[in-house]
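Enquirer: What follows is my_file_15.txt; its format and atoms are compact mmCIF, C-alpha atoms.
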```txt
# COMPACT_ATOMS: atom_id res chain seq x y z
CA MET E 1 121.56 169.45 86.31
CA LYS E 2 121.72 166.27 84.26
CA GLN E 3 124.04 164.74 86.84
CA LEU E 4 121.65 165.65 89.63
CA PHE E 5 118.74 164.01 87.78
CA LYS E 6 120.70 160.78 87.33
CA THR E 7 121.58 160.76 91.01
CA MET E 8 117.94 161.21 92.01
CA MET E 9 116.79 158.39 89.68
CA LEU E 10 119.39 155.99 91.06
CA THR E 11 118.37 156.90 94.59
CA VAL E 12 114.70 156.21 93.82
CA LEU E 13 115.50 152.87 92.17
CA PHE E 14 117.72 151.81 95.06
CA ALA E 15 115.11 152.82 97.64
CA SER E 16 112.41 150.99 95.70
CA PHE E 17 114.50 147.82 95.58
CA PHE E 18 115.38 148.11 99.26
CA LEU E 19 111.79 148.66 100.36
CA THR E 20 110.57 145.77 98.22
CA SER E 21 113.13 143.45 99.81
CA VAL E 22 112.17 144.62 103.27
CA MET E 23 108.45 144.18 102.67
CA ALA E 24 108.80 140.69 101.17
CA LEU E 25 107.63 137.92 103.51
CA ASP E 26 109.97 134.96 103.89
CA VAL E 27 107.75 131.88 103.71
CA TRP E 28 108.17 128.13 103.66
CA GLU E 29 106.02 126.48 100.99
CA ILE E 30 104.01 123.32 101.69
CA GLN E 31 101.77 121.76 99.07
CA PHE E 32 99.12 119.62 100.76
CA ARG E 33 97.00 117.51 98.44
CA GLY E 34 95.09 114.28 98.93
CA GLU E 35 93.37 112.52 101.81
CA VAL E 36 93.61 113.75 105.39
CA SER E 37 95.20 110.73 107.05
CA PRO E 38 97.57 109.78 109.90
CA SER E 39 100.58 109.69 107.56
CA GLN E 40 99.71 113.14 106.19
CA SER E 41 99.42 114.47 109.74
CA VAL E 42 102.90 113.22 110.66
CA TRP E 43 104.34 114.58 107.40
CA LEU E 44 102.79 118.02 107.93
CA GLU E 45 104.16 118.27 111.46
CA LYS E 46 107.67 117.51 110.19
CA ALA E 47 107.23 120.10 107.42
CA TYR E 48 106.39 122.80 109.99
CA GLU E 49 109.42 121.81 112.06
CA GLU E 50 111.55 122.21 108.95
CA ALA E 51 110.05 125.66 108.34
CA ARG E 52 110.92 126.80 111.86
CA GLU E 53 114.44 125.38 111.65
CA ASN E 54 115.08 127.38 108.46
CA GLY E 55 113.90 130.66 109.97
CA ALA E 56 110.74 131.12 107.92
CA GLU E 57 108.49 133.98 109.03
CA ALA E 58 105.38 132.10 107.94
CA VAL E 59 104.18 128.97 106.17
CA TYR E 60 102.60 129.23 102.74
CA LEU E 61 100.19 126.27 102.63
CA VAL E 62 98.54 125.34 99.33
CA LEU E 63 95.52 123.17 100.11
CA ASP E 64 93.50 120.80 97.92
CA THR E 65 91.68 117.97 99.71
CA LEU E 66 88.32 116.26 99.83
CA GLY E 67 88.83 115.49 103.51
CA GLY E 68 89.49 112.30 105.42
CA ARG E 69 89.87 111.31 109.04
CA VAL E 70 88.52 113.59 111.76
CA ASP E 71 91.24 112.66 114.27
CA SER E 72 94.00 113.43 111.77
CA ALA E 73 92.33 116.74 110.85
CA LEU E 74 92.29 117.82 114.50
CA GLU E 75 96.01 117.08 114.83
CA MET E 76 96.80 118.92 111.59
CA SER E 77 94.73 121.90 112.72
CA LYS E 78 96.94 122.21 115.81
CA THR E 79 100.03 122.05 113.61
CA ILE E 80 98.75 124.80 111.28
CA SER E 81 97.76 127.00 114.22
CA SER E 82 101.23 126.65 115.77
CA MET E 83 102.77 129.10 113.28
CA GLU E 84 101.76 132.06 111.12
CA THR E 85 100.18 130.38 108.10
CA LEU E 86 98.83 131.73 104.81
CA VAL E 87 96.43 129.13 103.40
CA LEU E 88 95.56 129.15 99.70
CA VAL E 89 92.71 126.81 98.74
CA ASP E 90 93.51 125.75 95.19
CA GLY E 91 90.77 123.28 94.34
CA SER E 92 88.81 121.96 97.33
CA ALA E 93 88.72 122.25 101.09
CA ILE E 94 85.89 119.81 101.68
CA SER E 95 84.95 118.00 104.90
CA ALA E 96 88.05 117.80 107.14
CA GLY E 97 89.79 120.12 104.68
CA ALA E 98 87.52 122.98 105.78
CA LEU E 99 88.98 122.82 109.29
CA LEU E 100 92.52 122.98 107.89
CA ALA E 101 91.62 126.04 105.80
CA PHE E 102 90.05 127.90 108.74
CA SER E 103 93.06 127.09 110.94
CA GLY E 104 95.32 129.39 108.91
CA SER E 105 96.09 132.91 110.11
CA GLU E 106 94.92 134.09 106.68
CA MET E 107 92.87 132.07 104.20
CA TYR E 108 92.57 132.78 100.47
CA MET E 109 90.99 130.91 97.59
CA VAL E 110 91.62 130.46 93.89
CA GLY E 111 88.59 131.19 91.71
CA GLY E 112 86.53 128.05 91.14
CA SER E 113 87.54 126.49 94.45
CA THR E 114 85.04 125.29 97.07
CA ILE E 115 84.94 124.94 100.85
CA GLY E 116 82.46 123.23 103.21
CA GLY E 117 80.49 119.98 103.31
CA ALA E 118 82.20 119.12 106.58
CA GLU E 119 79.74 116.74 108.24
CA PRO E 120 81.58 114.06 110.28
CA GLN E 121 80.68 110.52 109.24
CA ILE E 122 81.33 107.01 110.52
CA GLY E 123 80.96 104.16 108.07
CA GLY E 124 79.35 106.42 105.49
CA GLU E 125 76.62 107.52 107.90
CA ARG E 126 76.22 110.76 109.84
CA ALA E 127 78.07 110.56 113.14
CA ASP E 128 76.26 110.74 116.47
CA GLU E 129 75.08 114.10 117.81
CA LYS E 130 77.96 114.36 120.27
CA THR E 131 80.56 113.97 117.52
CA VAL E 132 78.75 116.43 115.25
CA SER E 133 78.50 118.96 118.08
CA VAL E 134 82.20 118.72 118.97
CA TRP E 135 83.31 118.89 115.34
CA SER E 136 81.09 121.85 114.44
CA ALA E 137 82.29 123.68 117.56
CA GLU E 138 85.91 123.13 116.48
CA LEU E 139 85.14 124.54 113.04
CA ALA E 140 83.43 127.56 114.58
CA ALA E 141 86.31 128.16 116.99
CA GLN E 142 88.94 128.15 114.24
CA ALA E 143 86.83 130.39 112.04
CA GLN E 144 86.10 132.89 114.81
CA LYS E 145 89.73 132.94 115.93
CA ASN E 146 90.68 134.35 112.55
CA GLY E 147 87.78 136.79 112.21
CA ARG E 148 85.24 134.70 110.32
CA ASP E 149 81.56 133.97 111.01
CA PRO E 150 81.38 130.95 113.36
CA GLN E 151 77.73 130.23 112.52
CA ILE E 152 78.53 129.83 108.84
CA ALA E 153 81.34 127.46 109.78
CA ARG E 154 78.92 125.43 111.94
CA ALA E 155 76.46 125.18 109.05
CA MET E 156 79.15 123.39 107.03
CA ALA E 157 79.15 120.54 109.57
CA ASP E 158 75.60 120.51 110.95
CA GLU E 159 72.67 120.22 108.54
CA THR E 160 70.19 121.30 111.23
CA ILE E 161 71.54 124.88 111.06
CA ALA E 162 69.75 127.22 108.65
CA ILE E 163 71.03 130.66 107.58
CA ASP E 164 68.69 132.98 105.68
CA GLY E 165 69.73 133.47 102.08
CA LEU E 166 72.57 130.98 102.38
CA VAL E 167 71.43 127.49 103.39
CA GLU E 168 68.19 125.88 104.54
CA SER E 169 67.74 123.31 107.29
CA GLY E 170 68.48 119.74 106.20
CA LYS E 171 71.35 120.68 103.88
CA LEU E 172 75.06 121.10 104.49
CA LEU E 173 76.66 124.38 103.47
CA THR E 174 79.32 124.42 100.76
CA LEU E 175 80.62 127.75 99.43
CA THR E 176 82.27 128.68 96.16
CA ALA E 177 85.25 131.05 96.28
CA GLU E 178 83.04 134.01 95.34
CA GLU E 179 80.39 133.11 97.95
CA ALA E 180 83.09 132.71 100.58
CA LEU E 181 84.41 136.18 99.69
CA ASN E 182 80.94 137.76 99.88
CA THR E 183 80.28 136.20 103.31
CA GLY E 184 83.71 137.11 104.68
CA MET E 185 84.85 133.49 105.03
CA THR E 186 87.94 134.08 102.89
CA ASP E 187 90.36 137.01 102.82
CA GLY E 188 90.51 137.14 99.04
CA VAL E 189 90.06 135.35 95.72
CA TYR E 190 92.80 135.09 93.08
CA ASN E 191 93.03 133.81 89.52
CA GLY E 192 95.81 131.42 90.38
CA GLU E 193 98.68 130.59 92.67
CA GLN E 194 101.14 132.78 90.73
CA ASP E 195 98.92 135.85 91.06
CA PHE E 196 98.62 135.23 94.79
CA ARG E 197 102.39 134.99 95.26
CA GLN E 198 103.07 138.17 93.35
CA GLU E 199 100.42 140.28 95.07
CA LYS E 200 101.38 139.05 98.54
CA ASN E 201 105.08 139.51 97.72
CA LEU E 202 106.02 136.10 99.06
CA ASN E 203 109.69 135.20 99.17
CA VAL E 204 109.76 131.39 99.19
CA ILE E 205 112.96 130.43 101.01
CA GLY E 206 112.30 126.69 100.80
CA SER E 207 109.70 123.97 100.59
CA THR E 208 108.91 120.51 101.90
CA GLY E 209 108.16 117.99 99.21
CA LYS E 210 107.18 114.35 99.37
CA THR E 211 109.46 111.40 98.77
CA THR E 212 108.45 108.07 97.25
CA ILE E 213 108.16 106.67 100.77
CA ASN E 214 105.69 109.44 101.67
CA PHE E 215 103.48 108.62 98.69
CA VAL E 216 103.62 104.87 99.44
CA THR E 217 102.77 105.53 103.09
CA ASP E 218 99.83 107.77 102.15
CA PHE E 219 98.52 105.01 99.88
CA LEU E 220 98.88 102.22 102.46
CA THR E 221 97.29 104.23 105.29
CA SER E 222 94.32 105.54 103.31
CA SER E 223 91.08 104.27 104.85
CA ALA E 224 90.02 102.18 101.83
CA ILE E 225 93.39 100.53 101.19
CA SER E 226 94.17 99.78 104.85
CA THR E 227 90.77 98.10 105.30
CA LEU E 228 91.25 96.11 102.09
CA LEU E 229 94.70 94.93 103.25
CA LEU E 230 93.27 93.87 106.61
CA THR E 231 90.48 91.94 104.88
CA ILE E 232 92.87 90.12 102.54
CA GLY E 233 95.26 89.40 105.41
CA ILE E 234 92.65 87.82 107.69
CA ALA E 235 91.03 85.89 104.81
CA GLY E 236 94.40 84.57 103.61
CA LEU E 237 95.30 83.17 107.02
CA LEU E 238 91.85 81.64 107.54
CA ILE E 239 91.94 79.97 104.12
CA GLU E 240 95.40 78.61 104.93
CA PHE E 241 94.08 77.01 108.11
CA PHE E 242 91.27 75.34 106.20
CA THR E 243 93.33 73.96 103.32
CA PRO E 244 96.24 71.48 103.14
CA GLY E 245 99.87 72.62 103.29
CA PHE E 246 101.20 76.17 103.25
CA GLY E 247 100.83 77.93 99.95
CA ILE E 248 99.56 80.95 98.11
CA PRO E 249 96.69 81.99 100.49
CA GLY E 250 99.01 82.09 103.49
CA ALA E 251 101.70 84.01 101.62
CA ILE E 252 99.16 86.55 100.34
CA GLY E 253 97.66 86.93 103.81
CA LEU E 254 101.01 87.52 105.48
CA GLY E 255 102.02 89.92 102.71
CA ALA E 256 98.82 91.96 103.08
CA LEU E 257 99.20 92.16 106.86
CA SER E 258 102.85 93.18 106.48
CA LEU E 259 101.75 96.08 104.28
CA TYR E 260 98.93 96.95 106.71
CA PHE E 261 101.21 97.20 109.73
CA GLY E 262 104.12 98.54 107.68
CA GLY E 263 102.06 101.54 106.58
CA GLY E 264 101.34 102.43 110.20
CA ILE E 265 105.00 102.11 111.16
CA LEU E 266 106.21 104.21 108.22
CA SER E 267 103.66 106.92 108.98
CA GLY E 268 104.62 107.02 112.64
CA ALA E 269 101.05 106.20 113.72
CA SER E 270 102.15 102.89 115.30
CA GLY E 271 105.30 101.01 116.26
CA TRP E 272 106.84 97.56 116.05
CA GLU E 273 104.98 96.54 119.19
CA THR E 274 101.80 96.20 117.11
CA VAL E 275 103.49 93.69 114.79
CA LEU E 276 104.91 91.74 117.75
CA LEU E 277 101.51 91.61 119.43
CA PHE E 278 99.87 90.33 116.23
CA ILE E 279 102.52 87.61 115.82
CA VAL E 280 102.02 86.50 119.43
CA GLY E 281 98.26 86.29 118.83
CA LEU E 282 98.75 84.32 115.63
CA VAL E 283 101.09 81.82 117.33
CA LEU E 284 98.61 81.32 120.17
CA LEU E 285 95.80 80.59 117.72
CA ILE E 286 97.96 78.10 115.80
CA LEU E 287 98.78 76.31 119.07
CA GLU E 288 95.09 76.23 119.95
CA VAL E 289 94.07 74.72 116.61
CA PHE E 290 96.86 72.21 116.01
CA VAL E 291 98.44 71.43 119.39
CA ILE E 292 96.13 72.14 122.32
CA PRO E 293 92.72 70.41 122.17
CA GLY E 294 89.43 72.28 122.34
CA PHE E 295 89.08 76.05 122.38
CA GLY E 296 90.09 77.64 125.64
CA ILE E 297 92.24 80.30 127.20
CA THR E 298 95.00 80.03 124.57
CA GLY E 299 92.62 80.74 121.71
CA ILE E 300 90.94 83.60 123.57
CA LEU E 301 94.29 85.19 124.36
CA GLY E 302 95.31 84.80 120.72
CA LEU E 303 92.21 86.62 119.49
CA VAL E 304 92.63 89.35 122.10
CA ALA E 305 96.27 89.88 121.05
CA MET E 306 95.43 90.01 117.33
CA PHE E 307 92.51 92.40 117.74
CA GLY E 308 94.54 94.47 120.20
CA SER E 309 97.32 94.90 117.63
CA ILE E 310 94.80 96.13 115.08
CA PHE E 311 93.45 98.67 117.59
CA LEU E 312 96.99 99.88 118.31
CA ALA E 313 97.68 100.25 114.58
CA THR E 314 94.58 102.44 114.18
CA PRO E 315 94.57 106.01 115.56
CA ASP E 316 91.09 105.85 117.13
CA PRO E 317 88.76 103.08 118.44
CA ALA E 318 85.85 104.01 116.15
CA SER E 319 87.98 103.57 113.03
CA ALA E 320 89.42 100.33 114.41
CA VAL E 321 85.95 98.87 114.99
CA GLN E 322 84.80 99.99 111.55
CA SER E 323 87.84 98.43 109.84
CA LEU E 324 87.49 95.22 111.83
CA VAL E 325 83.80 94.78 111.08
CA ILE E 326 84.33 95.34 107.35
CA ALA E 327 87.41 93.10 107.34
CA ILE E 328 85.66 90.25 109.19
CA ILE E 329 82.62 90.34 106.91
CA GLY E 330 84.83 90.48 103.83
CA SER E 331 87.02 87.66 105.14
CA VAL E 332 84.04 85.39 105.79
CA VAL E 333 82.79 85.95 102.25
CA LEU E 334 86.22 85.25 100.73
CA VAL E 335 86.75 82.15 102.86
CA ALA E 336 83.31 80.80 101.96
CA ILE E 337 83.97 81.30 98.24
CA VAL E 338 87.41 79.68 98.35
CA LEU E 339 86.37 76.70 100.49
CA ARG E 340 83.43 76.11 98.20
CA PHE E 341 85.91 75.13 95.51
CA THR E 342 88.67 73.66 97.72
CA PRO E 343 88.53 69.89 98.39
CA GLY E 344 90.89 69.74 101.39
CA ARG E 345 89.91 71.15 104.74
CA ARG E 346 92.89 70.36 106.93
CA VAL E 347 91.64 72.04 110.08
CA PHE E 348 88.47 69.92 110.25
CA LYS E 349 90.57 66.76 110.46
CA HIS E 350 91.91 68.04 113.77
CA LEU E 351 88.51 68.98 115.12
CA VAL E 352 86.11 66.33 113.80
CA LEU E 353 86.34 62.54 113.95
CA ASP E 354 86.71 61.26 110.37
CA THR E 355 86.89 57.46 110.93
CA SER E 356 84.29 55.24 109.32
CA GLU E 357 82.34 53.23 111.91
CA THR E 358 80.83 50.30 110.01
CA LYS E 359 79.51 46.95 111.18
CA GLU E 360 82.11 45.22 109.00
CA LYS E 361 84.85 46.77 111.20
CA GLY E 362 83.12 45.59 114.39
CA TYR E 363 81.56 48.91 115.51
CA THR E 364 78.28 48.83 117.41
CA ALA E 365 76.30 51.69 118.85
CA ALA E 366 75.74 51.91 122.56
CA LYS E 367 72.52 50.12 123.46
CA PRO E 368 70.19 50.39 126.42
CA GLY E 369 71.16 48.10 129.28
CA LEU E 370 74.87 48.94 129.20
CA GLN E 371 74.93 49.30 132.95
CA SER E 372 76.96 46.11 133.08
CA LEU E 373 79.91 47.97 131.55
CA ILE E 374 80.34 50.20 134.61
CA GLY E 375 83.73 49.50 136.13
CA LYS E 376 85.00 47.63 133.07
CA THR E 377 88.25 48.68 131.40
CA GLY E 378 89.23 48.92 127.78
CA THR E 379 91.29 50.83 125.25
CA ALA E 380 90.56 54.07 123.38
CA LYS E 381 90.55 53.15 119.71
CA THR E 382 90.33 56.77 118.58
CA VAL E 383 91.27 60.09 120.13
CA LEU E 384 88.57 61.13 122.63
CA ARG E 385 87.83 64.90 122.13
CA PRO E 386 85.95 64.21 124.43
CA SER E 387 83.90 61.68 122.43
CA GLY E 388 85.19 58.77 120.39
CA THR E 389 85.33 55.00 120.28
CA ALA E 390 86.72 52.49 122.75
CA GLU E 391 87.10 48.69 122.74
CA ILE E 392 85.56 47.17 125.86
CA GLU E 393 85.33 43.37 126.26
CA ASP E 394 85.98 42.75 122.55
CA GLN E 395 83.35 45.17 121.27
CA PHE E 396 83.57 48.72 119.97
CA VAL E 397 81.50 51.19 121.98
CA ASP E 398 80.82 54.92 121.53
CA VAL E 399 82.13 56.61 124.65
CA VAL E 400 82.66 60.10 126.06
CA THR E 401 84.92 61.55 128.75
CA SER E 402 83.93 64.18 131.31
CA GLY E 403 85.75 66.76 129.20
CA GLU E 404 89.30 65.42 129.30
CA TYR E 405 91.38 64.85 126.19
CA VAL E 406 92.43 61.18 125.82
CA GLU E 407 94.96 59.94 123.26
CA GLU E 408 94.31 56.92 121.05
CA GLY E 409 95.57 53.67 122.66
CA THR E 410 95.11 54.94 126.21
CA PHE E 411 93.60 52.57 128.79
CA ILE E 412 90.20 53.72 129.98
CA GLN E 413 87.59 52.66 132.54
CA VAL E 414 83.80 53.00 132.38
CA MET E 415 82.69 55.26 135.22
CA ASP E 416 78.99 55.60 134.48
CA VAL E 417 76.28 55.00 131.87
CA GLU E 418 73.62 57.65 131.33
CA GLY E 419 71.13 56.38 128.80
CA MET E 420 73.09 56.17 125.55
CA ARG E 421 76.20 57.85 127.03
CA VAL E 422 79.02 55.64 128.22
CA ILE E 423 81.23 57.84 130.39
CA VAL E 424 84.89 56.84 130.73
CA ARG E 425 88.14 58.16 132.17
CA GLU E 426 91.80 57.48 131.60
CA VAL E 427 93.43 54.91 133.89
CA ARG E 428 96.98 53.78 134.26
CA LYS E 429 97.53 50.07 133.62
CA GLU E 430 99.51 48.43 136.36
```
Write out the structure in this file as structure tokens.
Expert:
Amino acid sequence: MKQLFKTMMLTVLFASFFLTSVMALDVWEIQFRGEVSPSQSVWLEKAYEEARENGAEAVYLVLDTLGGRVDSALEMSKTISSMETLVLVDGSAISAGALLAFSGSEMYMVGGSTIGGAEPQIGGERADEKTVSVWSAELAAQAQKNGRDPQIARAMADETIAIDGLVESGKLLTLTAEEALNTGMTDGVYNGEQDFRQEKNLNVIGSTGKTTINFVTDFLTSSAISTLLLTIGIAGLLIEFFTPGFGIPGAIGLGALSLYFGGGILSGASGWETVLLFIVGLVLLILEVFVIPGFGITGILGLVAMFGSIFLATPDPASAVQSLVIAIIGSVVLVAIVLRFTPGRRVFKHLVLDTSETKEKGYTAAKPGLQSLIGKTGTAKTVLRPSGTAEIEDQFVDVVTSGEYVEEGTFIQVMDVEGMRVIVREVRKE
């Protein structure tokens, strides 16, 4: 009898262990914290690929974010929806984070966590109605797909939606974990991550962590830092153009732009072609300022190339425009401050005539009755860009070309006199 009892107990224990092992869910753990950004989107996609390669039945996604970029959130939502995913909100799922939470097959929250406040914004202001409509519809679709109230999801993104007893018109909806449970927007609330794992019987077979490169990339591609780097980069190059020699401003500008484009390359959001395009634009502008006179097609192409590279390095046009506007305004302010205290302005010496035209040196202004000079020849005493000074019949006269660039020392001929304007052209001396 005693032997039979022992046999039965061992059988029960073995069966219990076997059933527990069978019921355990093999999951791949991903801890997502921080800003929703292009680099985070690329990293998350690789993490899901790793989960599939290792034979995970589902992804266990721990989420804590205050949101970020709308375009990145949409990409990450597709990634989360591509595989069975158990989302645990441990902290916040605000703004774009709400979409990530609703994209999971199952969504749970830790007590004290919040979800909502998902209004799309551009430049700190509410986005246009079209953007709000599309975004709120995406939230509703993800919520409804997994058995949640789509109208409540819409109210998190659109302040014009009112729900009796929950939110009034003019305010965005944000729910605590308990409120989310009462409204059916979450599948459960737990005291902590450990309690959730134990109750759900999760067998974590592996996880995707972040390397130092991942953290650096996240930092460089965050909206605030990338815009700051762009501002410093543009300002540094502009200051370098306006001051003598090549020194600290130019080095800082190039360093900031290297970090700006480097972050995009490391994250996978852009490639080396953006850097090459920016360099081409920069070279064209340098040629325009220091080699080719005036401001023409070379300068325009340079600006187009530089701005084009910035657009390519930014995931969407709206963000590119926003970053550019902020960077240009910031650059102008920085340049104005620096030049206020910088004596040398090298670039102006190439654009503005800086010779002193005094009577002691023989200079005289053009006077009425200069018709007699028509047809006379002389020598350009300064560079004509297109205006300058020429020596005609032993007197210095202010002259202007029809738009041509004439080097100093070139022989010229007076073609016409219009009031105070003595119009000349270059001639070859035989």
Enquirer: What gap, in Å, lies between atom CA of E:Gln371 and atom CA of E:Gln413?
Expert: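 Those two atoms sit 13.1 Å apart.
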Enquirer: How many Å separate atom CA of E:Ser92 from atom CA of E:Glu193?
Expert: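 Separation between atom CA of E:Ser92 and atom CA of E:Glu193: 13.9 Å.
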Enquirer: Could you jot down the atom CA of E:Ser169 to atom CA of E:Pro120 separation for me, Å, one decimal place?
Expert: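 Taking atom CA of E:Ser169 and atom CA of E:Pro120, their separation equals 16.9 Å.
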Enquirer: Residues near stretch 96-98 of chain E, anyone? I mean within 8 Å using all atoms listed in the file, not counting same-chain ones fewer than 6 positions away, as a list in words.
Expert: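 After dropping sequence-adjacent residues, the list is Val36, Leu63, Asp64, Thr65, Leu66, Gly67, Gly68, Arg69, Val70, Ala73, Ile115, Gly116, Ala118 and Leu139 of chain E.
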Enquirer: Using only C-alpha atoms, determine which residues lie at most 7 Å from stretch 381-390 of chain E, disregarding the query and same-chain residues fewer than 2 positions distant; provide the list as a list in words.
Expert: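 Listed by chain and then number, they are Gly378, Thr379, Ile392, Phe396, Val397, Asp398, Val399, Val400, Thr401, Gly403, Glu404, Tyr405, Val406, Glu407, Glu408 and Gly409 of chain E.
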Enquirer: Of the residues E:Asp71, E:Glu426, E:Asp187, E:Glu168, which is the one nearest to E:Ile152, using only C-alpha atoms?
Expert: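 Of E:Asp71, E:Glu426, E:Asp187, E:Glu168, the one nearest E:Ile152, counting only C-alpha atoms, is E:Glu168.
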Enquirer: Show me as a list in words the residues that reach within 12 Å of (82.5, 136.4, 88.3), counting all atoms listed in the file and using the file's own coordinates.
Expert: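 The distance filter leaves exactly Gly111, Gly112, Thr176, Ala177, Glu178, Glu179, Leu181, Asn182, Val189, Tyr190 and Asn191 of chain E.
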Enquirer: Residues within 7 Å of E:Phe278, please, as a list of chain:residue names. Count all atoms listed in the file; anything in the same chain fewer than 2 positions from it doesn't count.
Expert: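 Counting all atoms listed in the file, the residues come to E:Thr274, E:Val275, E:Leu276, E:Val280, E:Gly281, E:Leu282, E:Ala305, E:Met306, E:Ser309.
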Enquirer: Name all residues at most 12 Å from E:Pro38 (count all atoms listed in the file; drop same-chain ones fewer than 4 positions away) and give them as a PyMOL selection string.
Expert: chain E and resi 42-45+68-76+214+217-223+226+263-270+313-316+319
Enquirer: Please return, as a list in words, all polymer residues that have at least one atom within 8 Å of the point (101.9, 130.0, 109.8); use all atoms listed in the file and the file's own coordinate frame.
Expert: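 These residues have at least one counted atom within 8 Å: Glu57, Ala58, Val59, Tyr60, Ile80, Ser81, Ser82, Met83, Glu84, Thr85, Leu86, Gly104 and Ser105 of chain E.
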Enquirer: Could you give me, as a PyMOL selection string, the residues within 12 Å of E:Leu303, counting all atoms listed in the file and dropping anything in the same chain fewer than 2 positions from it?
Expert: chain E and resi 234+277-286+288+295-301+305-310
Enquirer: Of the residues E:Ile326, E:Ile423, E:Leu230, E:Ala162, which is the one nearest to E:Ile374, using all atoms listed in the file?
Expert: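 Ranking E:Ile326, E:Ile423, E:Leu230, E:Ala162 by distance to E:Ile374, first place goes to E:Ile423.
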Enquirer: Find, counting all atoms listed in the file, the residue in E:Gly375, E:Ala380, E:Val134, E:Gly34 that gets nearest to E:Val417.
Expert: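 Using all atoms listed in the file, E:Val417 sits closest to E:Gly375.
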